[in-house]
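Source file: target.cif; contents: mmCIF, C-alpha atoms and all ligand atoms.
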data_protein
#
loop_
_atom_site.label_atom_id
_atom_site.label_comp_id
_atom_site.auth_asym_id
_atom_site.auth_seq_id
_atom_site.Cartn_x
_atom_site.Cartn_y
_atom_site.Cartn_z
CA MET A 1 -19.99 -32.06 31.57
CA ILE A 2 -18.67 -31.55 28.07
CA ASP A 3 -17.62 -34.56 25.97
CA GLN A 4 -13.81 -34.78 25.92
CA ARG A 5 -13.74 -34.91 22.10
CA MET A 6 -15.54 -31.57 21.95
CA ALA A 7 -13.32 -30.10 24.69
CA ASP A 8 -10.20 -31.16 22.73
CA SER A 9 -11.58 -29.69 19.56
CA ILE A 10 -12.38 -26.39 21.30
CA ASN A 11 -8.86 -26.23 22.77
CA ASP A 12 -7.42 -26.78 19.29
CA GLN A 13 -9.67 -24.04 17.93
CA ILE A 14 -8.64 -21.60 20.67
CA ASN A 15 -5.11 -22.14 19.39
CA ALA A 16 -6.20 -21.66 15.76
CA GLU A 17 -8.03 -18.41 16.60
CA MET A 18 -5.00 -17.12 18.50
CA PHE A 19 -2.87 -18.02 15.49
CA SER A 20 -5.30 -16.00 13.35
CA ALA A 21 -4.68 -13.03 15.66
CA TYR A 22 -0.91 -13.60 15.33
CA LEU A 23 -1.14 -13.83 11.56
CA TYR A 24 -3.15 -10.63 11.17
CA GLN A 25 -1.01 -8.74 13.68
CA SER A 26 2.04 -9.86 11.70
CA MET A 27 0.38 -8.54 8.53
CA ALA A 28 -0.35 -5.27 10.39
CA ALA A 29 3.33 -4.96 11.28
CA TRP A 30 4.36 -5.61 7.68
CA PHE A 31 1.82 -3.07 6.34
CA ALA A 32 3.09 -0.46 8.80
CA ASP A 33 6.61 -1.20 7.63
CA GLN A 34 5.51 -0.59 4.03
CA ASN A 35 3.80 2.69 5.04
CA PHE A 36 0.33 1.35 4.39
CA ASN A 37 -0.92 2.59 7.73
CA GLY A 38 -4.60 2.23 6.90
CA MET A 39 -4.18 -1.44 6.02
CA ALA A 40 -2.13 -1.85 9.22
CA THR A 41 -5.07 -0.43 11.20
CA TRP A 42 -7.48 -2.76 9.42
CA MET A 43 -5.34 -5.79 10.24
CA THR A 44 -4.90 -4.72 13.88
CA ALA A 45 -8.70 -4.51 14.24
CA GLN A 46 -8.94 -7.96 12.63
CA ALA A 47 -6.35 -9.39 15.03
CA GLN A 48 -8.35 -8.00 17.95
CA GLU A 49 -11.50 -9.60 16.60
CA GLU A 50 -9.69 -12.95 16.39
CA MET A 51 -8.84 -12.74 20.09
CA ILE A 52 -12.57 -12.30 20.75
CA HIS A 53 -13.20 -15.47 18.71
CA ALA A 54 -10.61 -17.29 20.85
CA MET A 55 -12.01 -15.97 24.13
CA LYS A 56 -15.57 -16.85 23.21
CA PHE A 57 -14.47 -20.51 22.94
CA TYR A 58 -12.37 -20.14 26.09
CA ASN A 59 -15.28 -18.82 28.16
CA TYR A 60 -17.63 -21.44 26.75
CA LEU A 61 -15.30 -24.29 27.64
CA ILE A 62 -15.02 -23.07 31.23
CA GLU A 63 -18.79 -22.64 31.42
CA ARG A 64 -19.25 -26.26 30.31
CA GLY A 65 -16.86 -27.56 32.98
CA GLY A 66 -14.01 -28.28 30.53
CA THR A 67 -10.35 -27.44 31.03
CA VAL A 68 -8.74 -24.74 28.92
CA LEU A 69 -5.31 -25.84 27.67
CA LEU A 70 -3.37 -23.10 25.94
CA LYS A 71 -0.89 -24.57 23.49
CA GLN A 72 2.11 -23.18 21.68
CA ILE A 73 1.19 -20.75 18.91
CA ASP A 74 3.09 -21.17 15.63
CA SER A 75 5.04 -18.22 14.25
CA PRO A 76 3.18 -16.53 11.39
CA PRO A 77 4.89 -15.42 8.16
CA THR A 78 6.45 -11.97 8.45
CA GLU A 79 6.41 -10.70 4.90
CA TRP A 80 4.35 -10.81 1.74
CA ALA A 81 5.11 -9.98 -1.89
CA SER A 82 2.51 -7.18 -2.05
CA PRO A 83 -0.59 -5.87 -0.25
CA LEU A 84 -2.67 -8.01 -2.62
CA ALA A 85 -0.63 -11.11 -1.70
CA ALA A 86 -1.22 -10.41 2.00
CA PHE A 87 -4.98 -10.05 1.55
CA GLU A 88 -5.07 -13.17 -0.62
CA ALA A 89 -3.28 -15.05 2.16
CA ALA A 90 -5.88 -13.70 4.61
CA LEU A 91 -8.69 -15.01 2.39
CA ASP A 92 -7.03 -18.46 2.17
CA HIS A 93 -6.67 -18.48 5.92
CA GLU A 94 -10.36 -17.64 6.46
CA ARG A 95 -11.35 -20.49 4.14
CA TYR A 96 -9.18 -22.82 6.21
CA ILE A 97 -10.86 -21.58 9.43
CA THR A 98 -14.29 -22.15 7.88
CA GLU A 99 -13.35 -25.79 7.16
CA ARG A 100 -12.26 -26.22 10.77
CA ILE A 101 -15.50 -24.73 12.13
CA ASN A 102 -17.56 -26.95 9.82
CA LYS A 103 -15.71 -30.03 11.10
CA MET A 104 -16.42 -28.95 14.67
CA MET A 105 -20.10 -28.63 13.79
CA ASP A 106 -19.99 -32.14 12.27
CA LEU A 107 -18.57 -33.44 15.56
CA ALA A 108 -21.25 -31.64 17.62
CA ILE A 109 -23.94 -33.22 15.43
CA ASP A 110 -22.33 -36.69 15.65
CA ILE A 111 -22.13 -36.66 19.44
CA ARG A 112 -25.48 -34.88 19.80
CA ASP A 113 -23.98 -31.95 21.71
CA HIS A 114 -26.84 -29.48 21.23
CA ALA A 115 -25.26 -26.75 23.33
CA ALA A 116 -22.06 -26.82 21.26
CA LYS A 117 -24.16 -26.71 18.10
CA GLY A 118 -25.66 -23.44 19.32
CA LEU A 119 -22.24 -21.94 19.94
CA LEU A 120 -20.82 -23.24 16.67
CA GLN A 121 -23.70 -21.79 14.67
CA TRP A 122 -22.43 -18.36 15.74
CA TYR A 123 -19.03 -19.22 14.24
CA VAL A 124 -20.59 -20.67 11.07
CA ASP A 125 -22.40 -17.35 10.55
CA GLU A 126 -19.32 -15.35 11.48
CA GLN A 127 -17.25 -17.22 8.87
CA VAL A 128 -19.71 -16.20 6.16
CA GLU A 129 -18.95 -12.60 7.09
CA GLU A 130 -15.21 -13.21 7.46
CA GLU A 131 -14.94 -14.75 3.98
CA ALA A 132 -17.13 -12.03 2.45
CA ASN A 133 -14.95 -9.27 3.94
CA ALA A 134 -11.74 -11.01 2.90
CA THR A 135 -13.05 -11.52 -0.65
CA ASP A 136 -14.13 -7.88 -0.84
CA ASN A 137 -10.64 -6.75 0.21
CA VAL A 138 -8.95 -8.93 -2.41
CA GLU A 139 -11.28 -7.63 -5.12
CA LYS A 140 -10.59 -4.01 -4.20
CA LEU A 141 -6.83 -4.60 -4.31
CA ARG A 142 -7.13 -6.37 -7.67
CA MET A 143 -9.20 -3.49 -9.02
CA VAL A 144 -6.63 -0.81 -8.18
CA GLY A 145 -3.67 -2.88 -9.46
CA ASP A 146 -0.46 -0.87 -9.47
CA ALA A 147 -2.08 2.56 -9.61
CA GLY A 148 -0.34 4.53 -6.84
CA ASN A 149 -3.13 7.09 -6.34
CA ALA A 150 -5.82 4.47 -6.08
CA LYS A 151 -3.74 2.43 -3.65
CA TYR A 152 -3.26 5.51 -1.52
CA MET A 153 -7.03 6.16 -1.44
CA LEU A 154 -7.73 2.52 -0.69
CA ASP A 155 -5.28 2.57 2.19
CA LYS A 156 -7.16 5.56 3.63
CA GLU A 157 -10.43 3.64 3.31
CA PHE A 158 -9.00 0.61 5.12
CA GLY A 159 -7.86 2.96 7.87
CA THR A 160 -11.44 3.96 8.71
CA ARG A 161 -12.07 0.56 10.32
CA PRO A 162 -12.29 1.22 14.05
CA VAL A 163 -9.94 -0.72 16.31
CA LEU A 164 -11.57 -2.24 19.39
CA PHE A 165 -8.98 -0.86 21.77
CA THR A 166 -5.73 1.06 21.64
CA ILE A 167 -2.63 0.36 23.67
CA PRO A 168 -0.71 3.29 25.15
CA VAL A 169 2.72 3.40 23.53
CA SER A 170 4.54 4.91 26.49
CA ALA A 171 4.01 5.37 30.21
CA ALA A 172 3.14 9.02 29.56
CA ASP A 173 0.15 8.13 27.31
FE1 LIG A 201 -11.11 -14.80 11.07
O1 LIG A 201 -12.32 -15.86 11.98
FE2 LIG A 201 -11.65 -16.41 13.57
O2 LIG A 201 -10.15 -17.25 12.92
#

Would you write the structure of this file as structure tokens?
Ligand code: OFO
Amino acid sequence: MIDQRMADSINDQINAEMFSAYLYQSMAAWFADQNFNGMATWMTAQAQEEMIHAMKFYNYLIERGGTVLLKQIDSPPTEWASPLAAFEAALDHERYITERINKMMDLAIDIRDHAAKGLLQWYVDEQVEEEANATDNVEKLRMVGDAGNAKYMLDKEFGTRPVLFTIPVSAAD
């Protein structure tokens, strides 16, 4: 049976991962609104990945005999000053998530929960990748600055990221 402190921390993190999905889907909506459809695709794929992060914790908690408690998800921001500002906000958010995961690992070590350590190591590694991708995106946006052509090409590049699944937009699809 999982220690209640770890179960609570996993439930809080399920909420944080779902908020990440909300945040990136909100960014996707804003990018689409600004006609940056490639960046919108990139953010939709990221939001989908965040739901996988949430569900990985969810499944683990059930497997360990804990109780999943889904809590209210905060509303994310809905607009940003520029594409660069949005990607900078994404990088800040990933750094915040890394801190949370590290604290969870500290807890697992303190209470000698070896199984949770194994799971959390996956997230520690994943956060290295998440921060690297977010940093890369910010650097690309900084590099192109206000150059319209370059921004257009960059948007196309962002749009090559595959989404994990698509949702039919009407009953006929
Ligand atoms: Fe973006 O890594 Fe989960 O939250």

Discussion item. Neighbours of ligand LIG 201 (chain A) at 7 Å or closer, counting all atoms listed in the file: which residues, as a PyMOL selection string?
Written reply: chain A and resi 16-17+20+50+53+94+97+127+130

Worksheet item: So which residues fall inside 10 Å of (4.2, -18.5, 18.4) if we count only C-alpha atoms? Mind giving them as number ranges by chain?
Response: A: 18-19, 22-23, 71-76

Discussion item. Residues near Ile62 of chain A, anyone? I mean within 12 Å using only C-alpha atoms, not counting same-chain ones fewer than 4 positions away, as an NGL selection string.
Written reply: :A and (1-2 or 7 or 10-11 or 55-58 or 66-69)

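For the pair atom CA of Gln13 of chain A and atom CA of Arg100 of chain A, the interatomic distance is 7.9 Å.
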
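Taking atom CA of Asp3 of chain A and atom CA of Ile52 of chain A as endpoints, the distance between them is 23.4 Å.
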
Worksheet item: Separation of atom CA of Gly38 of chain A and atom CA of Trp122 of chain A, in Å?
Response: 28.6 Å
